[in-house]
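Each remark here refers to the structure printed beneath this line.
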Amino acid sequence: MSLFAPLHEHCIFRTREKVDTHALVANELSDHYLSWHGERVDTRLCKLDTPRLSLYSLQYGSEVSIYPEVYDQFSLIHFSLSGRIEVAADGNTEKVPQGRVLVSTPRKNINLRWSHDSEQLILRLPHDLSCKVARALGQPSLYETMLRTPGLLLPEEASVFWRSQLSSFVALERGKNRIRGFEPWLSHVEQGIAMFLLLQFSPAPVDDAPPERARTVVQFGRRLDRLYAFAYAHLDRPVTLTTMARAVALSERQLNALCHSKFGQAPMAWLRGLRWDAIRRALMADPKASVTDVAMLHGFFHIGRFAAFYRERFGELPSQTRRAAIGG
């Protein structure tokens, strides 16, 4: 029996109609434009869920091009079970052959081209889970690196390990109704999957680097992790540049150079960006919360300008974010 038989047994739909294909896939993953390069339509979508993760098996039959909206608050991890795909995101293109894995987190635009008879196993990984796990690891920079990486093609060894992770995930479907007190283990598995993916964004090993260079890289990584930890712990508190620099054992000039090198902006501008993102997450998590209260909790007291700044950053008003969250 196939390792992924339990997934294939949970078929959401199968259709030979192009119009049905677009509507049904868009409802599960992301709205998109779909272009067919052949006449054989044999679309099948299967799905397994845990409380935080969703795993899909998707096939189209013919070769297709897909132009989705940029993913909102999640990454998609593609594993090419058969066939291949090509993914172009934010100016970078990755070819994903059979047996390989791509972590896809586009920020601006994305398009995909699937070969005929391609079957992709696609895991939907929410950003809030990734953020939580990265902070639990004490390495919040891994989460930020993932967000800045539109597509990461995992090496073959990691791809083999990912296949075993997916087969274990699929096996949960048959075990979750037979084991009493299953939920804590299920949560552990979800966090383990997120942890594996985040660790793929760790800096390259420095064993072969000169000792002085290795020490510099390690110190840089530690200061960066300390900076993230400090920032996330002070999203709701007043912070000065001096305080932030002292927290990471740097001078203000050194901290400014670090932030411009890593983020392309000054330290306080970077911190404001984290606060904006935290506000949006809070509104999505609790759409009934007062926008004014959430804004002030994160240090934004110019409420008259708040909505305009919010729309400039996210392309929508706070009220639209709340309505989208209420609507699911």
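Identifiers for the structure tokens are assigned positionally: chains receive A, B, ... in sequence, residues are indexed from 1 per chain, and ligands are indexed from 1 in the order shown.
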**Prompt:** Which residues come within 9 Å of Ser35 of chain A, counting only C-alpha atoms, excluding same-chain residues fewer than 2 positions away, as a VMD selection string?
**Reply:** chain A and resid 33 37 63 to 67
**Message:** Quick one: residues within 12 Å of Leu123 of chain A, only C-alpha atoms, excluding same-chain residues fewer than 3 positions away - as number ranges by chain?
**Reply:** A: 28-29, 46-50, 52-58, 74-80, 101-104, 120, 126, 162-163, 165-166, 169-170, 190, 193-194, 197
**Message:** So that I can check the surroundings of Leu142 of chain A, please list as number ranges by chain every protein, DNA and RNA residue that reaches within 12 Å of it, counting only C-alpha atoms and ignoring chain neighbours fewer than 2 positions away.
**Reply:** A: 127, 130-140, 144-149, 194-203, 221-222, 224-225, 228-229
Keeping only N, CA and C atoms, take the residues you just selected and write them out as an mmCIF file, in the first residue's frame.
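Final output, out-v7.cif:
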```cif
data_model
loop_
_atom_site.group_PDB
_atom_site.id
_atom_site.type_symbol
_atom_site.label_atom_id
_atom_site.label_comp_id
_atom_site.auth_asym_id
_atom_site.auth_seq_id
_atom_site.Cartn_x
_atom_site.Cartn_y
_atom_site.Cartn_z
ATOM 1 N N HIS A 127 1.778 31.338 9.169
ATOM 2 C CA HIS A 127 2.887 32.129 9.686
ATOM 3 C C HIS A 127 2.863 32.231 11.199
ATOM 4 N N SER A 130 4.739 29.285 12.515
ATOM 5 C CA SER A 130 6.177 29.425 12.249
ATOM 6 C C SER A 130 6.813 30.414 13.214
ATOM 7 N N CYS A 131 6.145 31.548 13.431
ATOM 8 C CA CYS A 131 6.662 32.571 14.342
ATOM 9 C C CYS A 131 6.783 32.017 15.755
ATOM 10 N N LYS A 132 5.750 31.331 16.215
ATOM 11 C CA LYS A 132 5.743 30.768 17.572
ATOM 12 C C LYS A 132 6.872 29.762 17.754
ATOM 13 N N VAL A 133 7.071 28.896 16.776
ATOM 14 C CA VAL A 133 8.100 27.862 16.892
ATOM 15 C C VAL A 133 9.493 28.478 16.845
ATOM 16 N N ALA A 134 9.691 29.480 15.978
ATOM 17 C CA ALA A 134 10.998 30.139 15.895
ATOM 18 C C ALA A 134 11.358 30.813 17.217
ATOM 19 N N ARG A 135 10.361 31.432 17.838
ATOM 20 C CA ARG A 135 10.620 32.079 19.126
ATOM 21 C C ARG A 135 10.882 31.033 20.210
ATOM 22 N N ALA A 136 10.190 29.897 20.162
ATOM 23 C CA ALA A 136 10.436 28.829 21.126
ATOM 24 C C ALA A 136 11.847 28.264 20.967
ATOM 25 N N LEU A 137 12.355 28.261 19.738
ATOM 26 C CA LEU A 137 13.715 27.805 19.475
ATOM 27 C C LEU A 137 14.762 28.804 19.973
ATOM 28 N N GLY A 138 14.310 30.028 20.267
ATOM 29 C CA GLY A 138 15.251 31.086 20.610
ATOM 30 C C GLY A 138 15.934 31.652 19.390
ATOM 31 N N GLN A 139 15.357 31.410 18.196
ATOM 32 C CA GLN A 139 15.934 31.897 16.944
ATOM 33 C C GLN A 139 14.864 32.573 16.087
ATOM 34 N N PRO A 140 14.303 33.689 16.560
ATOM 35 C CA PRO A 140 13.259 34.356 15.779
ATOM 36 C C PRO A 140 13.726 34.815 14.404
ATOM 37 N N GLU A 144 11.944 35.357 10.286
ATOM 38 C CA GLU A 144 12.085 36.537 9.431
ATOM 39 C C GLU A 144 12.817 36.189 8.135
ATOM 40 N N THR A 145 13.801 35.303 8.223
ATOM 41 C CA THR A 145 14.513 34.881 7.011
ATOM 42 C C THR A 145 13.573 34.144 6.065
ATOM 43 N N MET A 146 12.710 33.305 6.617
ATOM 44 C CA MET A 146 11.733 32.598 5.788
ATOM 45 C C MET A 146 10.819 33.581 5.070
ATOM 46 N N LEU A 147 10.368 34.622 5.783
ATOM 47 C CA LEU A 147 9.475 35.609 5.167
ATOM 48 C C LEU A 147 10.161 36.369 4.047
ATOM 49 N N ARG A 148 11.476 36.537 4.151
ATOM 50 C CA ARG A 148 12.208 37.293 3.125
ATOM 51 C C ARG A 148 12.676 36.407 1.972
ATOM 52 N N THR A 149 12.435 35.114 2.054
ATOM 53 C CA THR A 149 12.904 34.177 1.026
ATOM 54 C C THR A 149 11.715 33.710 0.193
ATOM 55 N N ALA A 194 7.052 22.289 11.630
ATOM 56 C CA ALA A 194 7.419 23.697 11.462
ATOM 57 C C ALA A 194 8.886 23.920 11.811
ATOM 58 N N MET A 195 9.363 23.249 12.859
ATOM 59 C CA MET A 195 10.756 23.394 13.273
ATOM 60 C C MET A 195 11.714 22.898 12.193
ATOM 61 N N PHE A 196 11.395 21.735 11.605
ATOM 62 C CA PHE A 196 12.246 21.199 10.541
ATOM 63 C C PHE A 196 12.378 22.199 9.397
ATOM 64 N N LEU A 197 11.258 22.788 8.986
ATOM 65 C CA LEU A 197 11.287 23.728 7.862
ATOM 66 C C LEU A 197 12.041 25.002 8.222
ATOM 67 N N LEU A 198 11.818 25.523 9.421
ATOM 68 C CA LEU A 198 12.516 26.746 9.826
ATOM 69 C C LEU A 198 14.027 26.547 9.863
ATOM 70 N N LEU A 199 14.465 25.378 10.326
ATOM 71 C CA LEU A 199 15.901 25.131 10.429
ATOM 72 C C LEU A 199 16.582 25.051 9.066
ATOM 73 N N GLN A 200 15.792 24.885 8.005
ATOM 74 C CA GLN A 200 16.382 24.912 6.664
ATOM 75 C C GLN A 200 16.869 26.315 6.299
ATOM 76 N N PHE A 201 16.423 27.312 7.067
ATOM 77 C CA PHE A 201 16.824 28.689 6.808
ATOM 78 C C PHE A 201 17.981 29.129 7.695
ATOM 79 N N SER A 202 18.601 28.180 8.414
ATOM 80 C CA SER A 202 19.767 28.505 9.236
ATOM 81 C C SER A 202 20.934 28.904 8.345
ATOM 82 N N PRO A 203 21.831 29.748 8.855
ATOM 83 C CA PRO A 203 23.016 30.113 8.063
ATOM 84 C C PRO A 203 23.833 28.886 7.727
ATOM 85 N N GLY A 221 25.057 36.188 14.360
ATOM 86 C CA GLY A 221 23.806 35.458 14.505
ATOM 87 C C GLY A 221 23.225 35.599 15.891
ATOM 88 N N ARG A 222 24.091 35.564 16.920
ATOM 89 C CA ARG A 222 23.604 35.691 18.289
ATOM 90 C C ARG A 222 23.033 37.082 18.541
ATOM 91 N N LEU A 224 21.779 39.055 16.322
ATOM 92 C CA LEU A 224 20.541 39.178 15.563
ATOM 93 C C LEU A 224 19.394 38.479 16.295
ATOM 94 N N ASP A 225 19.645 37.293 16.818
ATOM 95 C CA ASP A 225 18.613 36.596 17.587
ATOM 96 C C ASP A 225 18.228 37.396 18.835
ATOM 97 N N TYR A 228 15.953 40.260 17.747
ATOM 98 C CA TYR A 228 14.581 39.810 17.514
ATOM 99 C C TYR A 228 13.869 39.545 18.843
ATOM 100 N N ALA A 229 14.548 38.869 19.757
ATOM 101 C CA ALA A 229 13.927 38.552 21.043
ATOM 102 C C ALA A 229 13.543 39.827 21.786
#
```
**Request:** Find the residues around Asp20 of chain A up to 12 Å (only C-alpha atoms counted), leave out those fewer than 5 positions away in its own chain, and share them as an NGL selection string.
**Result:** :A and (13-15 or 25-27 or 34 or 41-45 or 60)
Keeping N, CA and C atoms, export the residues of the selection given above as a PDB file, in the first residue's frame.
```pdb
ATOM      1  N   PHE A  13     -12.509  16.495  -4.198  1.00  0.00           N
ATOM      2  CA  PHE A  13     -13.230  16.513  -5.472  1.00  0.00           C
ATOM      3  C   PHE A  13     -12.345  15.937  -6.573  1.00  0.00           C
ATOM      4  N   ARG A  14     -13.005  15.496  -7.610  1.00  0.00           N
ATOM      5  CA  ARG A  14     -12.344  15.085  -8.853  1.00  0.00           C
ATOM      6  C   ARG A  14     -13.226  15.543 -10.001  1.00  0.00           C
ATOM      7  N   THR A  15     -12.635  16.226 -10.970  1.00  0.00           N
ATOM      8  CA  THR A  15     -13.449  16.791 -12.041  1.00  0.00           C
ATOM      9  C   THR A  15     -12.683  16.782 -13.357  1.00  0.00           C
ATOM     10  N   VAL A  25     -10.306  24.660  -6.506  1.00  0.00           N
ATOM     11  CA  VAL A  25      -8.945  24.825  -5.987  1.00  0.00           C
ATOM     12  C   VAL A  25      -8.803  26.185  -5.312  1.00  0.00           C
ATOM     13  N   ALA A  26      -9.385  27.235  -5.908  1.00  0.00           N
ATOM     14  CA  ALA A  26      -9.309  28.574  -5.320  1.00  0.00           C
ATOM     15  C   ALA A  26      -9.930  28.598  -3.936  1.00  0.00           C
ATOM     16  N   ASN A  27     -10.990  27.857  -3.744  1.00  0.00           N
ATOM     17  CA  ASN A  27     -11.673  27.838  -2.453  1.00  0.00           C
ATOM     18  C   ASN A  27     -10.794  27.244  -1.359  1.00  0.00           C
ATOM     19  N   LEU A  34      -5.869  30.465 -14.047  1.00  0.00           N
ATOM     20  CA  LEU A  34      -5.390  29.149 -14.452  1.00  0.00           C
ATOM     21  C   LEU A  34      -5.415  29.043 -15.968  1.00  0.00           C
ATOM     22  N   VAL A  41      -8.207  17.250 -18.999  1.00  0.00           N
ATOM     23  CA  VAL A  41      -8.484  17.779 -17.660  1.00  0.00           C
ATOM     24  C   VAL A  41      -8.849  16.608 -16.758  1.00  0.00           C
ATOM     25  N   ASP A  42      -8.028  16.371 -15.753  1.00  0.00           N
ATOM     26  CA  ASP A  42      -8.305  15.308 -14.783  1.00  0.00           C
ATOM     27  C   ASP A  42      -7.798  15.799 -13.429  1.00  0.00           C
ATOM     28  N   THR A  43      -8.549  16.725 -12.852  1.00  0.00           N
ATOM     29  CA  THR A  43      -8.131  17.383 -11.615  1.00  0.00           C
ATOM     30  C   THR A  43      -8.610  16.601 -10.402  1.00  0.00           C
ATOM     31  N   ARG A  44      -7.698  16.381  -9.483  1.00  0.00           N
ATOM     32  CA  ARG A  44      -8.051  15.694  -8.238  1.00  0.00           C
ATOM     33  C   ARG A  44      -7.392  16.418  -7.077  1.00  0.00           C
ATOM     34  N   LEU A  45      -8.186  16.716  -6.059  1.00  0.00           N
ATOM     35  CA  LEU A  45      -7.663  17.360  -4.864  1.00  0.00           C
ATOM     36  C   LEU A  45      -8.055  16.534  -3.644  1.00  0.00           C
ATOM     37  N   TYR A  60      -3.544  18.007 -11.948  1.00  0.00           N
ATOM     38  CA  TYR A  60      -4.370  18.646 -12.977  1.00  0.00           C
ATOM     39  C   TYR A  60      -4.554  17.777 -14.216  1.00  0.00           C
TER      40      TYR A  60
END
```
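Across A:Ala278, A:Leu258, A:Met284, A:Arg84, the tightest approach to His234 of chain A is made by A:Ala278 when counting only C-alpha atoms.
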